[in-house]
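*Asks:* Below you'll find query.txt; it's compact mmCIF, C-alpha atoms.
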```txt
# COMPACT_ATOMS: atom_id res chain seq x y z
CA MET A 1 -3.17 13.05 11.75
CA THR A 2 -3.29 15.42 8.80
CA ILE A 3 -5.81 15.93 6.01
CA LYS A 4 -4.72 18.41 3.35
CA ILE A 5 -6.70 19.76 0.41
CA CYS A 6 -4.19 21.20 -1.98
CA ASP A 7 -4.86 23.54 -4.92
CA VAL A 8 -1.36 23.35 -6.37
CA ALA A 9 0.79 20.39 -7.42
CA PHE A 10 2.41 18.52 -4.52
CA GLU A 11 5.41 16.21 -4.26
CA PRO A 12 4.15 13.06 -2.53
CA PHE A 13 7.51 11.72 -1.39
CA SER A 14 8.68 14.95 0.19
CA GLU A 15 5.22 15.35 1.80
CA ILE A 16 5.55 11.91 3.38
CA GLN A 17 9.17 12.44 4.39
CA THR A 18 8.44 15.80 6.03
CA PHE A 19 5.40 14.43 7.82
CA GLN A 20 7.25 11.34 9.03
CA ASN A 21 10.22 13.36 10.26
CA ALA A 22 7.85 15.40 12.42
CA LEU A 23 6.24 12.34 14.02
CA ALA A 24 7.50 11.46 17.48
CA LEU A 25 7.40 7.80 16.51
CA ASN A 26 11.03 6.81 15.95
CA GLY A 27 11.36 3.10 16.61
CA LYS A 28 7.60 2.71 17.19
CA PHE A 29 6.31 2.12 13.69
CA GLY A 30 7.22 -1.03 11.81
CA ALA A 31 4.96 -0.60 8.80
CA THR A 32 4.07 2.21 6.43
CA SER A 33 1.55 1.65 3.68
CA ILE A 34 1.19 4.31 1.01
CA PHE A 35 -1.05 4.82 -1.97
CA ILE A 36 -0.57 7.53 -4.57
CA GLY A 37 -3.08 8.20 -7.32
CA THR A 38 -1.58 10.01 -10.30
CA MET A 39 -3.24 11.62 -13.29
CA ARG A 40 -2.95 9.57 -16.47
CA ASP A 41 -2.95 11.04 -19.96
CA PHE A 42 -5.64 8.57 -21.05
CA ASN A 43 -9.03 7.44 -19.76
CA ASP A 44 -11.75 5.28 -21.28
CA GLY A 45 -9.77 5.06 -24.51
CA ASP A 46 -9.33 8.81 -24.98
CA ASP A 47 -6.34 11.09 -24.60
CA VAL A 48 -6.74 13.52 -21.73
CA GLN A 49 -4.94 16.88 -21.64
CA ALA A 50 -5.95 18.15 -18.23
CA MET A 51 -8.49 17.68 -15.49
CA MET A 52 -10.45 20.07 -13.29
CA LEU A 53 -11.04 18.62 -9.84
CA GLU A 54 -14.02 20.19 -8.08
CA HIS A 55 -14.98 19.42 -4.49
CA TYR A 56 -17.53 20.34 -1.85
CA ASP A 57 -15.41 22.39 0.48
CA GLY A 58 -16.21 21.55 4.09
CA MET A 59 -17.99 18.29 3.30
CA THR A 60 -14.73 16.88 1.98
CA GLN A 61 -12.96 17.56 5.25
CA LYS A 62 -15.94 16.32 7.27
CA GLN A 63 -16.21 13.06 5.34
CA LEU A 64 -12.45 12.41 5.37
CA THR A 65 -12.34 13.00 9.12
CA LYS A 66 -15.19 10.51 9.60
CA MET A 67 -13.36 7.95 7.45
CA VAL A 68 -10.22 8.35 9.52
CA THR A 69 -12.21 7.93 12.75
CA THR A 70 -13.79 4.73 11.44
CA THR A 71 -10.40 3.43 10.28
CA LYS A 72 -8.89 4.08 13.71
CA SER A 73 -11.71 2.15 15.34
CA LYS A 74 -11.03 -0.86 13.09
CA TRP A 75 -7.21 -1.07 13.20
CA GLN A 76 -4.39 0.00 15.53
CA ILE A 77 -2.93 2.94 13.66
CA LEU A 78 -0.19 5.30 14.82
CA ASP A 79 -0.70 8.10 12.29
CA PHE A 80 -2.22 9.10 8.94
CA LEU A 81 -1.50 11.54 6.16
CA ILE A 82 -4.07 12.28 3.46
CA VAL A 83 -3.45 14.82 0.70
CA HIS A 84 -5.91 15.45 -2.13
CA ARG A 85 -5.51 17.84 -5.06
CA ILE A 86 -8.23 20.14 -6.31
CA GLY A 87 -8.21 22.59 -9.23
CA GLU A 88 -6.53 22.10 -12.60
CA ILE A 89 -4.37 18.99 -12.76
CA LEU A 90 -2.02 17.94 -15.55
CA PRO A 91 -1.01 14.40 -16.55
CA ASN A 92 1.63 12.86 -14.30
CA GLU A 93 0.65 15.09 -11.36
CA PRO A 94 -0.41 13.32 -8.15
CA ILE A 95 -4.12 13.50 -7.31
CA VAL A 96 -4.26 11.74 -3.98
CA LEU A 97 -1.90 10.45 -1.32
CA VAL A 98 -2.85 8.20 1.58
CA ALA A 99 -0.14 7.10 4.02
CA VAL A 100 -0.64 5.04 7.16
CA TRP A 101 1.87 4.27 9.92
CA SER A 102 1.42 1.36 12.31
CA ALA A 103 3.40 -1.17 14.34
CA HIS A 104 2.50 -4.12 12.10
CA ARG A 105 2.02 -4.62 8.39
CA ASN A 106 -1.49 -6.04 8.32
CA GLU A 107 -2.97 -2.96 9.97
CA ALA A 108 -1.07 -0.60 7.68
CA PHE A 109 -2.10 -2.44 4.51
CA GLU A 110 -5.74 -2.86 5.52
CA ALA A 111 -6.19 0.69 6.77
CA CYS A 112 -4.59 2.25 3.69
CA ARG A 113 -6.74 0.19 1.34
CA TYR A 114 -9.91 0.85 3.35
CA LEU A 115 -9.27 4.60 3.43
CA MET A 116 -8.69 4.75 -0.32
CA GLU A 117 -11.86 2.77 -1.09
CA GLU A 118 -13.89 4.94 1.28
CA LEU A 119 -12.41 8.09 -0.22
CA LYS A 120 -13.28 6.92 -3.75
CA ALA A 121 -16.81 6.02 -2.65
CA ASN A 122 -17.72 8.95 -0.39
CA ALA A 123 -15.42 11.96 -0.56
CA PRO A 124 -17.22 14.69 -2.56
CA PHE A 125 -14.85 15.24 -5.48
CA TRP A 126 -15.77 15.42 -9.18
CA LYS A 127 -13.43 15.18 -12.15
CA LEU A 128 -13.97 17.12 -15.35
CA GLU A 129 -11.62 15.92 -18.08
CA LYS A 130 -10.37 18.11 -20.86
CA LEU A 131 -9.90 15.72 -23.77
CA ALA A 132 -7.29 16.08 -26.52
CA THR A 133 -10.21 16.93 -28.81
CA ASN A 134 -10.80 19.98 -26.56
CA GLN A 135 -14.13 18.60 -25.39
CA ASN A 136 -14.89 18.58 -21.67
CA ARG A 137 -16.20 15.38 -20.13
CA TRP A 138 -17.34 14.67 -16.57
CA VAL A 139 -15.87 11.41 -15.32
CA SER A 140 -18.75 9.14 -14.38
CA LYS A 141 -19.07 5.95 -12.41
CA PHE A 142 -20.60 2.78 -13.75
CA MET B 1 12.12 -3.72 -12.60
CA THR B 2 14.75 -3.47 -9.86
CA ILE B 3 15.61 -5.71 -6.92
CA LYS B 4 18.26 -4.30 -4.61
CA ILE B 5 19.95 -5.92 -1.64
CA CYS B 6 21.48 -3.14 0.38
CA ASP B 7 24.10 -3.45 3.14
CA VAL B 8 23.88 0.16 4.28
CA ALA B 9 20.92 2.28 5.40
CA PHE B 10 18.73 3.54 2.56
CA GLU B 11 16.25 6.42 2.24
CA PRO B 12 13.03 4.87 0.93
CA PHE B 13 11.44 8.05 -0.38
CA SER B 14 14.45 9.19 -2.35
CA GLU B 15 14.89 5.63 -3.68
CA ILE B 16 11.30 5.67 -4.96
CA GLN B 17 11.56 9.21 -6.33
CA THR B 18 14.79 8.46 -8.20
CA PHE B 19 13.40 5.21 -9.57
CA GLN B 20 10.15 6.82 -10.65
CA ASN B 21 11.91 9.73 -12.33
CA ALA B 22 13.86 7.26 -14.45
CA LEU B 23 10.74 5.39 -15.60
CA ALA B 24 9.50 6.29 -19.07
CA LEU B 25 5.96 6.11 -17.76
CA ASN B 26 4.84 9.74 -17.46
CA GLY B 27 1.07 9.87 -17.79
CA LYS B 28 0.82 6.06 -17.99
CA PHE B 29 0.60 5.08 -14.34
CA GLY B 30 -2.42 6.04 -12.27
CA ALA B 31 -1.61 4.09 -9.13
CA THR B 32 1.44 3.53 -6.94
CA SER B 33 1.25 1.26 -3.94
CA ILE B 34 4.14 1.25 -1.51
CA PHE B 35 5.02 -0.67 1.60
CA ILE B 36 7.94 0.15 3.88
CA GLY B 37 8.97 -2.07 6.76
CA THR B 38 10.96 -0.22 9.43
CA MET B 39 12.89 -1.53 12.38
CA ARG B 40 11.14 -1.04 15.70
CA ASP B 41 12.91 -0.66 19.03
CA PHE B 42 10.68 -3.34 20.58
CA ASN B 43 9.60 -6.87 19.70
CA ASP B 44 7.72 -9.52 21.64
CA GLY B 45 7.68 -7.27 24.68
CA ASP B 46 11.43 -6.64 24.76
CA ASP B 47 13.53 -3.60 23.92
CA VAL B 48 15.71 -4.17 20.89
CA GLN B 49 18.96 -2.24 20.33
CA ALA B 50 19.97 -3.51 16.91
CA MET B 51 19.38 -6.31 14.47
CA MET B 52 21.65 -8.37 12.24
CA LEU B 53 19.92 -9.34 9.02
CA GLU B 54 21.46 -12.39 7.40
CA HIS B 55 20.44 -13.70 3.99
CA TYR B 56 21.24 -16.46 1.53
CA ASP B 57 22.99 -14.49 -1.18
CA GLY B 58 21.87 -15.65 -4.59
CA MET B 59 18.79 -17.49 -3.37
CA THR B 60 17.32 -14.17 -2.21
CA GLN B 61 17.64 -12.69 -5.68
CA LYS B 62 16.38 -15.89 -7.30
CA GLN B 63 13.30 -16.10 -5.07
CA LEU B 64 12.47 -12.39 -5.36
CA THR B 65 12.73 -12.61 -9.14
CA LYS B 66 10.35 -15.58 -9.15
CA MET B 67 7.90 -13.67 -6.94
CA VAL B 68 7.97 -10.72 -9.30
CA THR B 69 7.37 -13.00 -12.30
CA THR B 70 4.37 -14.59 -10.58
CA THR B 71 3.02 -11.17 -9.60
CA LYS B 72 3.29 -9.94 -13.19
CA SER B 73 1.36 -12.99 -14.38
CA LYS B 74 -1.47 -12.22 -11.94
CA TRP B 75 -1.87 -8.43 -12.37
CA GLN B 76 -1.16 -5.81 -15.02
CA ILE B 77 1.86 -4.07 -13.57
CA LEU B 78 3.98 -1.35 -15.17
CA ASP B 79 7.02 -1.52 -12.88
CA PHE B 80 8.39 -2.68 -9.52
CA LEU B 81 11.02 -1.62 -7.05
CA ILE B 82 12.12 -3.89 -4.21
CA VAL B 83 14.86 -2.92 -1.76
CA HIS B 84 15.86 -5.08 1.21
CA ARG B 85 18.46 -4.32 3.85
CA ILE B 86 21.00 -6.82 5.13
CA GLY B 87 23.69 -6.42 7.79
CA GLU B 88 23.41 -4.47 11.03
CA ILE B 89 20.24 -2.41 11.28
CA LEU B 90 19.33 0.15 13.95
CA PRO B 91 15.85 1.10 15.17
CA ASN B 92 13.98 3.45 12.84
CA GLU B 93 16.00 2.29 9.81
CA PRO B 94 14.01 0.88 6.88
CA ILE B 95 14.29 -2.88 6.36
CA VAL B 96 12.24 -3.41 3.24
CA LEU B 97 10.62 -1.35 0.51
CA VAL B 98 8.17 -2.67 -2.07
CA ALA B 99 6.74 -0.25 -4.64
CA VAL B 100 4.43 -1.11 -7.52
CA TRP B 101 3.29 1.10 -10.40
CA SER B 102 0.20 0.31 -12.47
CA ALA B 103 -2.59 1.99 -14.42
CA HIS B 104 -5.29 1.19 -11.85
CA ARG B 105 -5.42 1.03 -8.09
CA ASN B 106 -6.67 -2.50 -7.57
CA GLU B 107 -3.69 -4.00 -9.37
CA ALA B 108 -1.22 -1.81 -7.48
CA PHE B 109 -2.72 -2.61 -4.06
CA GLU B 110 -3.06 -6.33 -4.72
CA ALA B 111 0.39 -6.76 -6.25
CA CYS B 112 2.14 -4.83 -3.47
CA ARG B 113 0.41 -6.84 -0.76
CA TYR B 114 1.04 -10.13 -2.54
CA LEU B 115 4.73 -9.36 -3.01
CA MET B 116 5.18 -8.44 0.65
CA GLU B 117 3.42 -11.59 1.87
CA GLU B 118 5.48 -13.75 -0.51
CA LEU B 119 8.67 -12.02 0.57
CA LYS B 120 7.86 -12.60 4.26
CA ALA B 121 7.03 -16.25 3.55
CA ASN B 122 9.80 -17.25 1.14
CA ALA B 123 12.70 -14.82 0.83
CA PRO B 124 15.67 -16.31 2.72
CA PHE B 125 16.37 -13.67 5.35
CA TRP B 126 16.91 -14.22 9.08
CA LYS B 127 16.83 -11.64 11.83
CA LEU B 128 19.07 -11.81 14.88
CA GLU B 129 18.00 -9.26 17.48
CA LYS B 130 20.38 -7.67 19.93
CA LEU B 131 18.25 -7.01 23.00
CA ALA B 132 18.70 -4.17 25.47
CA THR B 133 19.89 -6.84 27.92
CA ASN B 134 22.77 -7.50 25.45
CA GLN B 135 21.43 -10.97 24.71
CA ASN B 136 21.12 -12.06 21.09
CA ARG B 137 17.84 -13.64 19.98
CA TRP B 138 16.90 -15.12 16.63
CA VAL B 139 13.47 -13.93 15.54
CA SER B 140 11.28 -16.97 15.07
CA LYS B 141 7.94 -17.59 13.43
CA PHE B 142 4.98 -19.10 15.20
CA MET C 1 31.07 -32.80 -5.02
CA ILE C 2 28.09 -31.16 -3.44
CA THR C 3 28.04 -28.00 -1.34
CA ILE C 4 26.05 -27.87 1.88
CA ARG C 5 25.05 -24.60 3.52
CA TYR C 6 23.42 -23.65 6.82
CA PHE C 7 21.75 -20.35 7.76
CA GLY C 8 20.26 -18.53 10.71
CA SER C 9 20.04 -20.26 14.07
CA LEU C 10 20.75 -23.63 12.43
CA LYS C 11 24.20 -22.41 11.42
CA GLU C 12 24.89 -21.77 15.14
CA THR C 13 23.42 -25.12 16.17
CA ILE C 14 25.51 -27.00 13.61
CA GLY C 15 28.56 -24.81 14.17
CA ARG C 16 29.36 -24.61 10.45
CA SER C 17 28.08 -22.43 7.61
CA THR C 18 29.40 -24.28 4.54
CA GLU C 19 30.86 -27.67 3.87
CA THR C 20 31.35 -29.95 0.89
CA LEU C 21 30.67 -33.61 0.39
CA SER C 22 32.47 -35.80 -2.15
CA ILE C 23 31.11 -39.27 -2.47
CA SER C 24 31.31 -41.80 -5.25
CA GLU C 25 27.83 -43.25 -5.21
CA LEU C 26 25.77 -40.04 -5.38
CA GLU C 27 22.97 -41.75 -7.27
CA SER C 28 19.56 -41.51 -5.62
CA LEU C 29 20.95 -39.62 -2.63
CA THR C 30 18.17 -37.37 -1.26
CA VAL C 31 18.40 -34.06 0.56
CA LEU C 32 17.70 -35.92 3.81
CA ASP C 33 20.44 -38.44 3.01
CA VAL C 34 22.89 -35.55 2.53
CA TRP C 35 21.92 -34.19 5.95
CA HIS C 36 22.65 -37.48 7.65
CA TYR C 37 25.88 -38.03 5.71
CA VAL C 38 27.34 -34.91 7.27
CA ASN C 39 25.38 -34.70 10.54
CA GLY C 40 25.15 -38.36 11.47
CA ASP C 41 22.18 -39.15 13.69
CA PHE C 42 21.56 -35.51 14.58
CA PRO C 43 17.89 -35.07 13.71
CA LEU C 44 16.78 -32.67 10.99
CA ALA C 45 14.12 -30.75 12.91
CA GLU C 46 10.58 -30.68 11.49
CA ASN C 47 10.56 -26.94 10.86
CA ILE C 48 13.86 -26.77 8.96
CA LEU C 49 13.46 -25.74 5.31
CA THR C 50 15.49 -27.28 2.52
CA ALA C 51 16.68 -25.75 -0.76
CA LEU C 52 18.44 -27.27 -3.75
CA ASN C 53 20.31 -24.88 -6.01
CA MET C 54 18.47 -21.99 -4.36
CA ASP C 55 14.95 -23.36 -4.90
CA TYR C 56 12.79 -24.82 -2.17
CA VAL C 57 12.53 -28.62 -2.39
CA THR C 58 11.24 -31.41 -0.19
CA ARG C 59 13.63 -33.59 1.79
CA SER C 60 13.07 -36.49 -0.57
CA HIS C 61 14.34 -34.55 -3.58
CA VAL C 62 17.32 -36.25 -5.29
CA VAL C 63 20.68 -34.45 -5.18
CA ASN C 64 23.14 -34.57 -8.07
CA ASP C 65 26.87 -33.96 -8.31
CA GLY C 66 27.62 -30.24 -8.39
CA ASP C 67 24.43 -29.31 -6.53
CA GLU C 68 24.18 -26.88 -3.62
CA VAL C 69 21.98 -28.05 -0.75
CA ALA C 70 20.86 -25.63 1.98
CA PHE C 71 19.23 -26.11 5.37
CA PHE C 72 17.68 -23.25 7.33
CA PRO C 73 14.96 -22.32 9.82
CA PRO C 74 11.76 -20.50 8.74
CA VAL C 75 12.64 -17.18 7.14
CA THR C 76 12.03 -13.92 8.98
CA GLY C 77 12.74 -11.15 6.47
CA GLY C 78 10.70 -8.12 5.50
CA MET D 1 -33.65 30.11 5.30
CA ILE D 2 -32.02 27.03 3.83
CA THR D 3 -29.05 26.93 1.45
CA ILE D 4 -29.13 24.65 -1.60
CA ARG D 5 -25.97 23.62 -3.44
CA TYR D 6 -25.25 21.74 -6.64
CA PHE D 7 -21.99 20.14 -7.74
CA GLY D 8 -20.35 18.43 -10.69
CA SER D 9 -22.35 17.84 -13.84
CA LEU D 10 -25.60 18.58 -11.98
CA LYS D 11 -24.46 22.15 -11.40
CA GLU D 12 -24.18 22.53 -15.19
CA THR D 13 -27.54 20.84 -15.78
CA ILE D 14 -29.29 23.09 -13.25
CA GLY D 15 -27.29 26.16 -14.28
CA ARG D 16 -26.80 27.29 -10.68
CA SER D 17 -24.32 26.37 -7.95
CA THR D 18 -25.94 27.87 -4.83
CA GLU D 19 -29.34 29.27 -3.99
CA THR D 20 -31.37 29.94 -0.88
CA LEU D 21 -34.93 29.18 0.01
CA SER D 22 -36.92 31.14 2.56
CA ILE D 23 -40.30 29.70 3.36
CA SER D 24 -42.57 30.09 6.32
CA GLU D 25 -43.91 26.56 6.73
CA LEU D 26 -40.61 24.59 6.80
CA GLU D 27 -42.02 21.90 9.04
CA SER D 28 -41.79 18.39 7.68
CA LEU D 29 -40.23 19.56 4.43
CA THR D 30 -37.98 16.76 3.11
CA VAL D 31 -34.83 16.94 0.97
CA LEU D 32 -36.94 15.89 -2.01
CA ASP D 33 -39.51 18.59 -1.22
CA VAL D 34 -36.70 21.17 -1.23
CA TRP D 35 -35.59 19.96 -4.66
CA HIS D 36 -39.08 20.39 -6.11
CA TYR D 37 -39.58 23.78 -4.41
CA VAL D 38 -36.68 25.21 -6.39
CA ASN D 39 -36.66 22.96 -9.48
CA GLY D 40 -40.39 22.50 -10.05
CA ASP D 41 -41.23 19.34 -11.94
CA PHE D 42 -37.65 18.75 -13.08
CA PRO D 43 -36.97 15.19 -11.95
CA LEU D 44 -34.30 14.41 -9.37
CA ALA D 45 -32.43 11.67 -11.23
CA GLU D 46 -32.07 8.27 -9.53
CA ASN D 47 -28.29 8.44 -9.23
CA ILE D 48 -28.11 11.92 -7.64
CA LEU D 49 -26.75 11.89 -4.09
CA THR D 50 -28.12 14.11 -1.33
CA ALA D 51 -26.36 15.65 1.67
CA LEU D 52 -27.69 17.61 4.62
CA ASN D 53 -25.19 19.77 6.49
CA MET D 54 -22.35 17.89 4.74
CA ASP D 55 -23.53 14.40 5.71
CA TYR D 56 -25.12 11.94 3.32
CA VAL D 57 -28.88 11.56 3.91
CA THR D 58 -31.79 9.98 2.10
CA ARG D 59 -34.25 12.10 0.14
CA SER D 60 -36.90 11.64 2.78
CA HIS D 61 -34.77 13.27 5.48
CA VAL D 62 -36.43 16.31 7.08
CA VAL D 63 -34.83 19.72 6.51
CA ASN D 64 -34.80 22.42 9.17
CA ASP D 65 -34.32 26.15 9.02
CA GLY D 66 -30.63 27.03 8.68
CA ASP D 67 -29.72 23.74 7.03
CA GLU D 68 -27.55 23.32 3.94
CA VAL D 69 -28.87 20.82 1.40
CA ALA D 70 -26.67 19.57 -1.44
CA PHE D 71 -27.39 17.62 -4.61
CA PHE D 72 -24.65 16.02 -6.68
CA PRO D 73 -23.80 13.10 -8.98
CA PRO D 74 -21.74 10.09 -7.80
CA VAL D 75 -18.34 11.24 -6.60
CA THR D 76 -15.21 10.58 -8.69
CA GLY D 77 -12.25 11.63 -6.53
CA GLY D 78 -9.05 9.79 -5.68
```
The structure in this file should be written as structure tokens.
*Replies:*
Amino acid sequence: MTIKICDVAFEPFSEIQTFQNALALNGKFGATSIFIGTMRDFNDGDDVQAMMLEHYDGMTQKQLTKMVTTTKSKWQILDFLIVHRIGEILPNEPIVLVAVWSAHRNEAFEACRYLMEELKANAPFWKLEKLATNQNRWVSKF
Amino acid sequence: MTIKICDVAFEPFSEIQTFQNALALNGKFGATSIFIGTMRDFNDGDDVQAMMLEHYDGMTQKQLTKMVTTTKSKWQILDFLIVHRIGEILPNEPIVLVAVWSAHRNEAFEACRYLMEELKANAPFWKLEKLATNQNRWVSKF
Amino acid sequence: MITIRYFGSLKETIGRSTETLSISELESLTVLDVWHYVNGDFPLAENILTALNMDYVTRSHVVNDGDEVAFFPPVTGG
Amino acid sequence: MITIRYFGSLKETIGRSTETLSISELESLTVLDVWHYVNGDFPLAENILTALNMDYVTRSHVVNDGDEVAFFPPVTGG
């Protein structure tokens, strides 16, 4: 089980491949469910040039670890990989990766979705958008 | 939108990467949801050595295309990739890959799950397992 | 002429994968009629699925000349 | 001594990211009390979240010496 906070751009597919190759789970997992969140060049009708992703170092790791523990108590999961970017992010760069390995598809799907929703709701990250107009705007929830 | 029926082993992560690189969607997609089904070396309590995946050539493509059309009518999707193996498959080899790109995560998650469930329910594939005891057993639904 | 196809375990049970049927009075022949034309009294098991020209249909669907009819057990892909 | 941290847009509003508070009578001081100790009458907006030692808590949670209290707007990661 790995949780990575990453301050430079990452390649989600090589991250997953490398992680999976290192698992001693050949023949044991039947289902892998993956979500990747990627930075768009638009938001709320405005063009976005870049984004600064701030987080609460320490609390992020603590909250993500708690989410993983809860997820494991709800579904039979073989392994997890979570990667989240911080720092300056450009359009088309990945922001978040959640990957879940399990024997059966329902568990993989449910756990991946649950983790992403929990991460969106509780992991202490904040996005500051740099708009094409050069204004900065904090992303806010409604 | 690509649907591939593949009679040799495929590498899911390089398939996705190659497909995504060719999309003219940089900065447009914010969410990618992926499911990979992989062959296990056990099923229903028995060790499995290999599997022969038979399909109804033509009907498979027709049904998968219909599923994709229905999915597009239900959610705002930017692109799809579906790859399914046929022929002899060994444990730890991928069987199926479904990947969905969209602007927002709910659409990506829902569409990917829906496509997988539809594929399991309606795509004309049949699995013949070769057990460790050298017996052949058709996988059956309950 | 209509083409009849069998898949999965049913193909083994029947012992054939493809066959054709040429009959003069094809009118109002259903999928189930086609089954019995080529399989006699052998019962079409409850769980067997039926397709006409690669779309799922019920057993009472009418078959026309040139059609492809398929019989197969529940699918197990993915 | 307790550590107080601000994040996101609140950090800009407050104009500080971290500060410490050393007081003698810490007993029964709540998260909300800590806010007003360092921010006076400035209101703690309804939507601001509060954490104690990196776990979410309510504003009425009691703070002890050595604790880290954090105030921040709704999170927007992922």
*Asks:* List every protein, DNA or RNA residue that has at least one atom no more than 12 Å from (27.5, -42.1, -4.0) in the file's coordinates, counting all atoms listed in the file, and write the result as a count of residues only.
*Replies:* 19
*Asks:* Compute the chain B side of the contact with chain D at 12 Å, counting all atoms listed in the file, and hand it back as a ChimeraX atom specification.
*Replies:* /B:30-31,104-105
*Asks:* Which residues are close to Trp126 (chain B), i.e. within 8 Å by all atoms listed in the file, leaving aside same-chain residues fewer than 4 positions away? Reply as number ranges by chain.
*Replies:* B: 53-55, 138-139; C: 7-8, 75-77
*Asks:* If you keep C-alpha atoms, can you produce a file of those selected residues as an mmCIF file, in the coordinates of the input?
*Replies:*
```cif
data_model
loop_
_atom_site.group_PDB
_atom_site.id
_atom_site.type_symbol
_atom_site.label_atom_id
_atom_site.label_comp_id
_atom_site.auth_asym_id
_atom_site.auth_seq_id
_atom_site.Cartn_x
_atom_site.Cartn_y
_atom_site.Cartn_z
ATOM 1 C CA LEU B 53 19.920 -9.340 9.020
ATOM 2 C CA GLU B 54 21.460 -12.390 7.400
ATOM 3 C CA HIS B 55 20.440 -13.700 3.990
ATOM 4 C CA TRP B 138 16.900 -15.120 16.630
ATOM 5 C CA VAL B 139 13.470 -13.930 15.540
ATOM 6 C CA PHE C 7 21.750 -20.350 7.760
ATOM 7 C CA GLY C 8 20.260 -18.530 10.710
ATOM 8 C CA VAL C 75 12.640 -17.180 7.140
ATOM 9 C CA THR C 76 12.030 -13.920 8.980
ATOM 10 C CA GLY C 77 12.740 -11.150 6.470
#
```
*Asks:* Edge lengths and centre in Å to one decimal, as JSON, of the axis-aligned box that encloses all listed atoms of region 42-52 of chain D with 4 Å added on every side?
*Replies:*
```
{"center_x": -32.0, "center_y": 13.5, "center_z": -4.2, "size_x": 19.3, "size_y": 18.5, "size_z": 25.7}
```
*Asks:* Determine, counting only C-alpha atoms, which protein, DNA and RNA residues have an atom within 12 Å of an atom of region 50-54 of chain D; residues of the same chain fewer than 6 positions away are not included. Present the result as an NGL selection string.
*Replies:* (:A and (55-66 or 122-124)) or (:D and (2-7 or 10 or 30-32 or 34-35 or 44 or 60-75))
*Asks:* Mind fitting chain C to chain D by least squares on all Cα atoms in order and giving back the moved coordinates as a short mmCIF file (atom, residue, chain, number, x, y, z; two decimals) with C-alpha atoms, keeping the file's coordinate frame?
*Replies:*
```cif
data_model
loop_
_atom_site.label_atom_id
_atom_site.label_comp_id
_atom_site.auth_asym_id
_atom_site.auth_seq_id
_atom_site.Cartn_x
_atom_site.Cartn_y
_atom_site.Cartn_z
CA MET C 1 -33.65 30.10 5.28
CA ILE C 2 -32.02 27.05 3.82
CA THR C 3 -29.06 26.93 1.45
CA ILE C 4 -29.13 24.66 -1.58
CA ARG C 5 -25.97 23.64 -3.42
CA TYR C 6 -25.25 21.75 -6.64
CA PHE C 7 -21.97 20.12 -7.73
CA GLY C 8 -20.36 18.44 -10.69
CA SER C 9 -22.37 17.85 -13.85
CA LEU C 10 -25.61 18.58 -11.97
CA LYS C 11 -24.46 22.15 -11.38
CA GLU C 12 -24.18 22.52 -15.19
CA THR C 13 -27.54 20.84 -15.78
CA ILE C 14 -29.28 23.09 -13.25
CA GLY C 15 -27.29 26.15 -14.27
CA ARG C 16 -26.79 27.29 -10.67
CA SER C 17 -24.31 26.36 -7.94
CA THR C 18 -25.94 27.88 -4.84
CA GLU C 19 -29.32 29.27 -3.99
CA THR C 20 -31.35 29.95 -0.87
CA LEU C 21 -34.92 29.18 0.03
CA SER C 22 -36.95 31.12 2.59
CA ILE C 23 -40.31 29.67 3.35
CA SER C 24 -42.59 30.03 6.32
CA GLU C 25 -43.88 26.51 6.72
CA LEU C 26 -40.58 24.59 6.77
CA GLU C 27 -41.99 21.91 9.05
CA SER C 28 -41.74 18.38 7.69
CA LEU C 29 -40.19 19.56 4.42
CA THR C 30 -37.95 16.75 3.10
CA VAL C 31 -34.83 16.94 0.97
CA LEU C 32 -36.93 15.88 -2.02
CA ASP C 33 -39.49 18.58 -1.23
CA VAL C 34 -36.69 21.17 -1.24
CA TRP C 35 -35.59 19.95 -4.67
CA HIS C 36 -39.05 20.40 -6.12
CA TYR C 37 -39.57 23.77 -4.43
CA VAL C 38 -36.67 25.19 -6.39
CA ASN C 39 -36.66 22.95 -9.48
CA GLY C 40 -40.38 22.50 -10.04
CA ASP C 41 -41.22 19.32 -11.91
CA PHE C 42 -37.65 18.75 -13.08
CA PRO C 43 -36.97 15.20 -11.94
CA LEU C 44 -34.29 14.43 -9.36
CA ALA C 45 -32.43 11.68 -11.21
CA GLU C 46 -32.08 8.29 -9.50
CA ASN C 47 -28.30 8.46 -9.22
CA ILE C 48 -28.11 11.92 -7.64
CA LEU C 49 -26.75 11.90 -4.08
CA THR C 50 -28.12 14.11 -1.35
CA ALA C 51 -26.36 15.65 1.66
CA LEU C 52 -27.69 17.62 4.61
CA ASN C 53 -25.19 19.78 6.47
CA MET C 54 -22.38 17.90 4.73
CA ASP C 55 -23.54 14.40 5.70
CA TYR C 56 -25.14 11.95 3.31
CA VAL C 57 -28.89 11.57 3.91
CA THR C 58 -31.80 9.98 2.09
CA ARG C 59 -34.25 12.10 0.12
CA SER C 60 -36.90 11.65 2.78
CA HIS C 61 -34.76 13.26 5.48
CA VAL C 62 -36.44 16.31 7.07
CA VAL C 63 -34.81 19.72 6.50
CA ASN C 64 -34.78 22.42 9.16
CA ASP C 65 -34.32 26.18 9.02
CA GLY C 66 -30.65 27.07 8.69
CA ASP C 67 -29.74 23.76 7.04
CA GLU C 68 -27.57 23.34 3.95
CA VAL C 69 -28.89 20.84 1.40
CA ALA C 70 -26.67 19.57 -1.43
CA PHE C 71 -27.38 17.62 -4.61
CA PHE C 72 -24.64 16.00 -6.68
CA PRO C 73 -23.81 13.11 -9.00
CA PRO C 74 -21.76 10.09 -7.82
CA VAL C 75 -18.35 11.23 -6.61
CA THR C 76 -15.24 10.58 -8.69
CA GLY C 77 -12.30 11.61 -6.51
CA GLY C 78 -9.10 9.78 -5.65
#
```
